[in-house]
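To be precise, the following lines are run-v2.csv, and they hold CSV, C-alpha atoms.
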```
chain,number,residue,atom,x,y,z
A,1,MET,CA,-2.0,39.4,24.0
A,2,GLU,CA,-0.1,37.3,26.5
A,3,SER,CA,2.2,34.8,25.0
A,4,ASN,CA,1.6,31.2,25.5
A,5,PRO,CA,4.8,29.2,25.5
A,6,ALA,CA,3.1,25.9,24.8
A,7,LEU,CA,1.3,27.2,21.7
A,8,LEU,CA,4.6,28.9,20.6
A,9,SER,CA,6.5,25.6,20.6
A,10,GLY,CA,3.6,24.0,18.7
A,11,ALA,CA,3.9,26.8,16.1
A,12,ILE,CA,7.6,26.3,15.9
A,13,LEU,CA,7.1,22.5,15.3
A,14,LEU,CA,4.6,23.3,12.6
A,15,ALA,CA,6.9,25.8,11.0
A,16,LEU,CA,9.8,23.3,11.0
A,17,ALA,CA,7.7,20.6,9.4
A,18,LEU,CA,6.5,23.1,6.8
A,19,LEU,CA,10.1,24.1,6.0
A,20,ALA,CA,11.1,20.5,5.7
A,21,GLY,CA,8.2,19.8,3.3
A,22,LEU,CA,9.0,22.7,1.1
A,23,TRP,CA,12.7,21.8,1.0
A,24,LEU,CA,11.8,18.2,0.1
A,25,LYS,CA,9.5,19.4,-2.6
A,26,PHE,CA,12.2,21.6,-4.0
A,27,SER,CA,15.1,19.2,-3.8
A,28,ALA,CA,13.5,15.8,-4.6
A,29,GLY,CA,13.8,14.6,-8.2
A,30,ARG,CA,16.2,17.2,-9.5
A,31,GLY,CA,19.0,14.8,-10.2
A,32,LYS,CA,22.7,15.3,-10.7
A,33,GLN,CA,25.4,14.6,-13.2
A,34,VAL,CA,27.6,11.6,-12.5
A,35,SER,CA,31.3,11.8,-13.5
A,36,ASN,CA,32.9,8.7,-12.1
A,37,ARG,CA,32.6,6.9,-15.5
A,38,GLU,CA,31.3,3.7,-13.8
A,39,VAL,CA,30.0,1.2,-16.4
A,40,ILE,CA,27.0,-0.9,-15.5
A,41,ASP,CA,27.8,-4.7,-15.7
A,42,LEU,CA,24.7,-6.2,-17.3
A,43,SER,CA,25.7,-9.7,-16.3
A,44,LYS,CA,25.6,-8.6,-12.7
A,45,LEU,CA,22.5,-6.4,-13.0
A,46,LYS,CA,20.4,-9.3,-14.3
A,47,ALA,CA,17.7,-7.0,-15.6
A,48,LYS,CA,14.8,-8.7,-17.2
A,49,LYS,CA,12.8,-7.4,-20.1
A,50,GLY,CA,10.0,-9.4,-21.7
A,51,LYS,CA,11.1,-13.0,-21.4
A,52,GLY,CA,14.8,-12.9,-21.2
A,53,GLN,CA,17.7,-11.3,-19.4
A,54,VAL,CA,18.9,-8.0,-21.0
A,55,LYS,CA,22.2,-8.4,-22.8
A,56,ALA,CA,22.8,-5.1,-24.5
A,57,PHE,CA,22.3,-1.4,-23.8
A,58,GLY,CA,20.1,0.9,-25.9
A,59,ALA,CA,21.8,2.1,-29.0
A,60,LYS,CA,21.8,5.7,-27.8
A,61,ALA,CA,20.8,5.7,-24.2
A,62,THR,CA,19.4,3.4,-21.4
A,63,LEU,CA,17.2,4.4,-18.6
A,64,LEU,CA,17.7,2.2,-15.5
A,65,GLN,CA,15.1,2.5,-12.7
A,66,PHE,CA,15.6,0.9,-9.3
A,67,SER,CA,12.3,0.1,-7.6
A,68,THR,CA,11.1,-1.8,-4.5
A,69,GLU,CA,7.9,-3.5,-3.7
A,70,TYR,CA,7.1,-1.0,-1.0
A,71,CYS,CA,7.7,2.0,-3.2
A,72,GLY,CA,4.6,4.2,-3.7
A,73,GLN,CA,5.9,6.4,-6.5
A,74,CYS,CA,7.6,3.7,-8.5
A,75,PRO,CA,4.6,2.5,-10.6
A,76,GLY,CA,3.9,6.1,-11.8
A,77,VAL,CA,7.5,6.6,-12.8
A,78,ARG,CA,7.6,3.3,-14.5
A,79,ARG,CA,4.5,4.3,-16.6
A,80,GLN,CA,6.1,7.6,-17.5
A,81,LEU,CA,9.4,6.2,-18.6
A,82,THR,CA,7.8,3.3,-20.5
A,83,GLU,CA,5.9,6.0,-22.5
A,84,LEU,CA,9.2,7.9,-23.0
A,85,GLU,CA,10.9,4.7,-24.3
A,86,LYS,CA,8.2,4.5,-27.0
A,87,GLN,CA,8.8,8.1,-28.1
A,88,GLY,CA,12.6,7.7,-28.0
A,89,ASP,CA,15.1,6.6,-30.6
A,90,GLY,CA,17.5,3.8,-29.6
A,91,LEU,CA,16.3,4.2,-26.1
A,92,LEU,CA,16.0,1.2,-23.7
A,93,TYR,CA,14.1,1.3,-20.4
A,94,LEU,CA,14.9,-1.1,-17.6
A,95,ASP,CA,13.3,-1.5,-14.3
A,96,VAL,CA,15.1,-3.6,-11.6
A,97,ASP,CA,13.4,-4.5,-8.3
A,98,ILE,CA,16.0,-4.3,-5.6
A,99,THR,CA,13.8,-5.3,-2.7
A,100,GLU,CA,15.7,-8.6,-2.5
A,101,ARG,CA,19.0,-7.3,-3.9
A,102,LEU,CA,20.4,-5.0,-1.2
A,103,ASP,CA,23.9,-5.7,-2.6
A,104,LEU,CA,22.9,-3.6,-5.6
A,105,ALA,CA,21.4,-0.9,-3.5
A,106,ALA,CA,24.6,-0.7,-1.4
A,107,HIS,CA,26.9,-0.8,-4.5
A,108,PHE,CA,25.1,2.1,-6.2
A,109,SER,CA,24.3,3.9,-2.9
A,110,VAL,CA,20.6,3.8,-3.6
A,111,SER,CA,18.9,5.1,-0.5
A,112,GLN,CA,15.5,5.7,-1.9
A,113,THR,CA,13.3,4.4,-4.6
A,114,PRO,CA,12.6,5.2,-7.4
A,115,THR,CA,16.1,6.1,-8.4
A,116,VAL,CA,16.7,6.5,-12.1
A,117,PHE,CA,20.1,6.3,-13.9
A,118,VAL,CA,20.7,7.6,-17.4
A,119,LEU,CA,23.3,5.6,-19.2
A,120,ASN,CA,25.2,6.3,-22.4
A,121,PRO,CA,25.5,3.6,-25.2
A,122,LYS,CA,28.5,2.1,-23.4
A,123,GLY,CA,26.5,1.7,-20.2
A,124,GLU,CA,28.3,4.5,-18.4
A,125,ILE,CA,26.3,6.3,-15.7
A,126,LYS,CA,25.9,9.9,-16.8
A,127,PHE,CA,23.1,11.2,-14.6
A,128,ARG,CA,21.1,10.0,-11.6
A,129,VAL,CA,17.8,11.1,-10.0
A,130,ALA,CA,16.6,10.1,-6.6
A,131,GLY,CA,12.9,10.3,-6.1
A,132,THR,CA,10.2,11.1,-8.7
A,133,PRO,CA,12.0,12.9,-11.5
A,134,LYS,CA,10.9,16.5,-12.0
A,135,PRO,CA,9.2,17.1,-15.4
A,136,GLY,CA,11.6,17.4,-18.3
A,137,ILE,CA,14.8,16.4,-16.4
A,138,ILE,CA,15.1,13.0,-17.9
A,139,GLN,CA,14.1,14.3,-21.3
A,140,ASN,CA,16.9,16.9,-21.2
A,141,GLU,CA,19.5,14.2,-20.5
A,142,LEU,CA,18.2,12.0,-23.3
A,143,LYS,CA,18.3,14.9,-25.7
A,144,LYS,CA,22.0,15.3,-24.9
A,145,LEU,CA,22.5,11.7,-25.8
A,146,GLY,CA,20.5,12.1,-29.0
A,147,ALA,CA,17.9,9.5,-27.8
A,148,LEU,CA,14.9,11.8,-27.9
B,1,MET,CA,1.6,-8.2,-6.4
B,2,SER,CA,-1.6,-8.3,-8.5
B,3,GLU,CA,-3.5,-10.2,-5.8
B,4,LEU,CA,-3.3,-7.3,-3.5
B,5,LYS,CA,-6.2,-4.9,-3.5
B,6,ARG,CA,-4.9,-1.5,-4.6
B,7,ILE,CA,-6.1,1.4,-2.7
B,8,ASP,CA,-7.0,5.1,-3.2
B,9,PRO,CA,-3.8,6.9,-2.2
B,10,ARG,CA,-5.9,9.8,-0.7
B,11,GLY,CA,-7.2,7.4,2.0
B,12,PRO,CA,-3.9,7.2,3.9
B,13,ARG,CA,-3.2,10.9,3.4
B,14,PHE,CA,-6.6,11.7,4.9
B,15,GLY,CA,-5.7,9.5,7.9
B,16,ALA,CA,-2.3,11.2,8.2
B,17,ALA,CA,-4.0,14.6,8.3
B,18,ILE,CA,-6.0,13.5,11.4
B,19,THR,CA,-2.9,11.9,12.9
B,20,ALA,CA,-1.0,15.2,12.3
B,21,ALA,CA,-3.8,17.2,14.1
B,22,LEU,CA,-3.9,14.8,17.0
B,23,SER,CA,-0.1,14.7,17.5
B,24,LEU,CA,0.2,18.5,17.3
B,25,THR,CA,-2.5,18.8,19.9
B,26,GLY,CA,-0.8,16.3,22.1
B,27,PHE,CA,2.5,18.1,21.6
B,28,ILE,CA,1.1,21.4,22.7
B,29,LEU,CA,-0.7,19.8,25.7
B,30,SER,CA,2.5,18.1,26.8
B,31,GLN,CA,4.6,21.3,26.7
B,32,GLU,CA,4.2,22.6,30.3
B,33,ILE,CA,3.6,19.3,32.0
B,34,TRP,CA,4.7,16.3,30.0
B,35,LEU,CA,2.1,13.9,31.3
B,36,TYR,CA,-0.8,16.2,30.1
B,37,GLY,CA,-0.1,14.6,26.7
B,38,ALA,CA,-0.7,11.1,28.0
B,39,PRO,CA,-4.4,10.7,26.9
B,40,VAL,CA,-3.4,11.6,23.3
B,41,SER,CA,-0.4,9.3,23.5
B,42,ILE,CA,-2.7,6.4,24.4
B,43,LEU,CA,-5.2,7.4,21.7
B,44,LEU,CA,-2.5,7.5,19.0
B,45,PHE,CA,-1.1,4.2,20.2
B,46,VAL,CA,-4.5,2.5,19.9
B,47,LEU,CA,-5.1,4.0,16.5
B,48,PHE,CA,-1.7,2.9,15.1
B,49,ALA,CA,-2.0,-0.5,16.6
B,50,TRP,CA,-5.5,-0.8,15.0
B,51,SER,CA,-4.2,0.1,11.6
B,52,VAL,CA,-1.2,-2.3,11.9
B,53,PHE,CA,-3.2,-5.3,13.1
B,54,PHE,CA,-6.7,-4.7,11.7
B,55,PRO,CA,-6.3,-2.3,8.8
B,56,ALA,CA,-9.6,-3.3,7.2
B,57,THR,CA,-11.8,-2.1,10.1
B,58,HIS,CA,-9.9,1.1,11.0
B,59,PRO,CA,-12.1,4.2,11.7
B,60,TYR,CA,-10.0,6.5,9.4
B,61,GLY,CA,-10.8,4.2,6.5
B,62,PHE,CA,-14.5,4.1,7.4
B,63,ILE,CA,-14.7,7.9,7.7
B,64,PHE,CA,-12.8,8.3,4.4
B,65,LYS,CA,-15.1,5.9,2.5
B,66,LYS,CA,-18.3,7.2,4.0
B,67,PHE,CA,-17.8,10.9,4.0
B,68,VAL,CA,-14.7,12.0,2.1
B,69,ARG,CA,-14.3,9.9,-1.0
B,70,PRO,CA,-17.9,10.6,-2.2
B,71,ARG,CA,-17.0,14.3,-2.3
B,72,LEU,CA,-13.8,13.7,-4.3
B,73,GLY,CA,-13.5,12.8,-7.9
B,74,GLU,CA,-12.2,9.4,-9.1
B,75,PRO,CA,-8.5,8.9,-8.0
B,76,LYS,CA,-6.0,9.4,-10.8
B,77,GLU,CA,-4.4,6.1,-9.9
B,78,LEU,CA,-4.5,3.4,-7.3
B,79,GLU,CA,-1.6,2.6,-5.1
B,80,ASP,CA,0.0,-0.5,-3.6
B,81,PRO,CA,-1.2,-0.7,0.0
B,82,ARG,CA,2.2,-1.9,1.4
B,83,PRO,CA,4.1,1.4,1.5
B,84,PRO,CA,1.5,3.1,3.7
B,85,GLN,CA,1.1,0.0,5.8
B,86,PHE,CA,4.8,-0.1,6.4
B,87,ALA,CA,4.7,3.6,7.3
B,88,GLN,CA,1.9,2.8,9.8
B,89,LYS,CA,4.3,0.3,11.5
B,90,VAL,CA,6.9,3.1,11.8
B,91,GLY,CA,4.3,5.3,13.3
B,92,PHE,CA,3.3,2.5,15.6
B,93,GLY,CA,6.9,2.3,16.7
B,94,PHE,CA,7.0,6.0,17.6
B,95,SER,CA,3.6,5.7,19.5
B,96,ILE,CA,5.2,2.9,21.6
B,97,LEU,CA,7.8,5.5,22.5
B,98,GLY,CA,5.0,7.7,23.7
B,99,ILE,CA,3.6,4.8,25.9
B,100,ILE,CA,7.0,4.3,27.4
B,101,GLY,CA,6.9,8.0,28.2
B,102,VAL,CA,3.5,7.6,29.9
B,103,LEU,CA,4.7,4.6,32.0
B,104,VAL,CA,8.3,5.4,32.7
B,105,TRP,CA,10.0,8.5,31.3
B,106,PRO,CA,7.6,11.4,30.6
B,107,ILE,CA,9.9,13.4,28.4
B,108,LEU,CA,9.4,10.8,25.7
B,109,ILE,CA,5.8,11.9,25.4
B,110,PRO,CA,6.5,15.2,23.6
B,111,VAL,CA,9.4,13.6,21.7
B,112,SER,CA,7.1,10.9,20.3
B,113,PHE,CA,4.5,13.5,19.4
B,114,ALA,CA,7.1,15.5,17.5
B,115,PHE,CA,8.2,12.6,15.4
B,116,ILE,CA,4.7,11.4,14.7
B,117,PHE,CA,3.6,14.9,13.8
B,118,PHE,CA,6.6,15.4,11.4
B,119,ALA,CA,6.0,12.2,9.5
B,120,ALA,CA,2.2,12.6,9.4
B,121,PHE,CA,2.3,16.2,8.3
B,122,LEU,CA,4.7,15.5,5.4
B,123,ASN,CA,2.6,12.6,4.3
B,124,ALA,CA,-0.7,14.6,4.5
B,125,PHE,CA,0.3,17.9,3.0
B,126,PHE,CA,3.4,17.1,0.8
B,127,ASN,CA,2.5,13.5,-0.1
B,128,TYR,CA,6.0,12.6,1.1
B,129,CYS,CA,6.0,9.2,2.9
B,130,LEU,CA,8.9,9.4,5.4
B,131,GLY,CA,8.3,5.8,6.6
B,132,CYS,CA,8.4,4.5,3.0
B,133,GLN,CA,11.6,6.4,2.3
B,134,MET,CA,13.2,4.9,5.4
B,135,TYR,CA,12.3,1.4,4.2
B,136,LEU,CA,15.3,0.8,1.9
B,137,GLY,CA,17.7,2.5,4.3
B,138,LEU,CA,16.6,0.4,7.2
B,139,ARG,CA,16.8,-2.8,5.1
B,140,ARG,CA,20.3,-1.9,4.1
B,141,LEU,CA,21.3,-1.4,7.7
B,142,GLY,CA,19.8,-4.8,8.4
B,143,LEU,CA,17.4,-3.3,11.0
B,144,ILE,CA,14.3,-4.8,9.5
B,145,GLY,CA,13.5,-8.0,7.7
B,146,LYS,CA,11.3,-8.5,4.7
```

What is this file in structure tokens?
Amino acid sequence: MESNPALLSGAILLALALLAGLWLKFSAGRGKQVSNREVIDLSKLKAKKGKGQVKAFGAKATLLQFSTEYCGQCPGVRRQLTELEKQGDGLLYLDVDITERLDLAAHFSVSQTPTVFVLNPKGEIKFRVAGTPKPGIIQNELKKLGAL
Amino acid sequence: MSELKRIDPRGPRFGAAITAALSLTGFILSQEIWLYGAPVSILLFVLFAWSVFFPATHPYGFIFKKFVRPRLGEPKELEDPRPPQFAQKVGFGFSILGIIGVLVWPILIPVSFAFIFFAAFLNAFFNYCLGCQMYLGLRRLGLIGK
């Protein structure tokens, strides 16, 4: 069969896109430990829950989700974490819309939404996940903090 | 947010699959002589412009509703239409690159196809919306407004 260079470059492009997709599937939502001991300042975060502004962290752990209006995966993650909050013990779930708060996005280097932080009782960031969290990852971190 | 009509997320993915097929075809056509891709560049430009300015009447949406959706089950969940609409604007931007290629600098034709194919392919087959992911980054760089 004679080789056709145009078809070959098309096949290469297809293969590259396939590799990129597989890599994204593999790496998205795995999360990583955070060790800089940064404590979230609730008075700057201005997270709302129910009617008022949130003033205290969860007794054992807090899940902090950053969302944007344009984010396709955010509502699904919100539902999943709200469900987890009900099962948890001393667990608080917060969702902050950062569409209009780019200062927050810049401060925490949030480059995609949803991004989820797991905080200890003092409000220190222990773990962060960019993208839809893989099943069980958040649960694992919560178990370490005794909140699940 | 609640006033917006939520959409079946498989609709945009179906459209992205067609866009991926068209842009890959265009890419292959434009390999030996760049300008051979021009008709597909123009077609993609028209389709993207259509979905940016008149999303309700777009042929992809029509084909999806008429022929594809009846064969699928109920969607697991509905989605906010704004992320895919934003992604269409990104695609529209890259299709303009293709038109610049047709008019001025033909090497932009395969370049534009490659970008469009990449984004559309990831959207259709991996449900990964590159344009949506870029949104926050672009906002932070101050390149786009609200």

Give the residues of chain A that lie within 7 Å of chain B; count all atoms listed in the file, and format the answer as a PyMOL selection string.
chain A and resi 6-7+10+17+21+70-72+102+111-112

Those same residues, written as a tab-separated table (two decimals), in the frame of the given file with C-alpha atoms?
```
chain	number	residue	atom	x	y	z
A	6	ALA	CA	3.10	25.90	24.80
A	7	LEU	CA	1.30	27.20	21.70
A	10	GLY	CA	3.60	24.00	18.70
A	17	ALA	CA	7.70	20.60	9.40
A	21	GLY	CA	8.20	19.80	3.30
A	70	TYR	CA	7.10	-1.00	-1.00
A	71	CYS	CA	7.70	2.00	-3.20
A	72	GLY	CA	4.60	4.20	-3.70
A	102	LEU	CA	20.40	-5.00	-1.20
A	111	SER	CA	18.90	5.10	-0.50
A	112	GLN	CA	15.50	5.70	-1.90
```

I'd like to know which of B:Ala124, B:Tyr60, B:Val104, B:Val40 is closest to Ala17 of chain B, using all atoms listed in the file.
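Under the stated criterion, the closest residue is B:Ala124.
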
Could you state the separation of atom CA of Ile137 of chain A and atom CA of Phe66 of chain A in Å, given to one decimal place?
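Between atom CA of Ile137 of chain A and atom CA of Phe66 of chain A the gap is 17.1 Å.
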
Could you work out how far atom CA of Val46 of chain B lies from atom CA of Lys89 of chain B, giving the answer in Å with one decimal?
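According to the coordinates, atom CA of Lys89 of chain B and atom CA of Val46 of chain B are separated by 12.4 Å.
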
Mind giving me the straight-line distance from atom CA of Arg71 of chain B to atom CA of Val52 of chain B in Å, one decimal?
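It comes out at 27.0 Å.
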
Would you list the contacts of segment 48-52 of chain A as a ChimeraX atom specification, taking every protein, DNA or RNA residue within 9 Å and counting all atoms listed in the file, but skipping same-chain residues closer than 2 positions in sequence?
/A:46,54-55,93-96

Quick one: residues within 10 Å of segment 75-91 of chain A, all atoms listed in the file, excluding same-chain residues fewer than 3 positions away - as a PyMOL selection string?
(chain A and resi 57-69+71-72+94-95+114-116+119-121+131-133+138-139+142-143+145-148) or (chain B and resi 77-80)

Please provide the set of residues having any atom within 6 Å of segment 25-40 of chain A, restricted to only C-alpha atoms, with same-chain residues fewer than 4 positions apart removed, written as an NGL selection string.
:A and (123-134)

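Considering all atoms listed in the file, the residue among B:Phe48, B:Phe53, B:Phe113, B:Phe67 positioned nearest to Gly91 of chain B is B:Phe48.
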
Step by step: start from the point (2.5, 10.7, 26.3) in the file's coordinates, keep every protein, DNA or RNA residue that has an atom no farther than 8 Å from it, count only C-alpha atoms, and write the set as a list of chain:residue names.
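Using only C-alpha atoms, the matching residues come out as B:Gly26, B:Ser30, B:Trp34, B:Leu35, B:Tyr36, B:Gly37, B:Ala38, B:Pro39, B:Val40, B:Ser41, B:Ile42, B:Gly98, B:Ile99, B:Ile100, B:Gly101, B:Val102, B:Pro106, B:Leu108, B:Ile109, B:Pro110, B:Ser112, B:Phe113.
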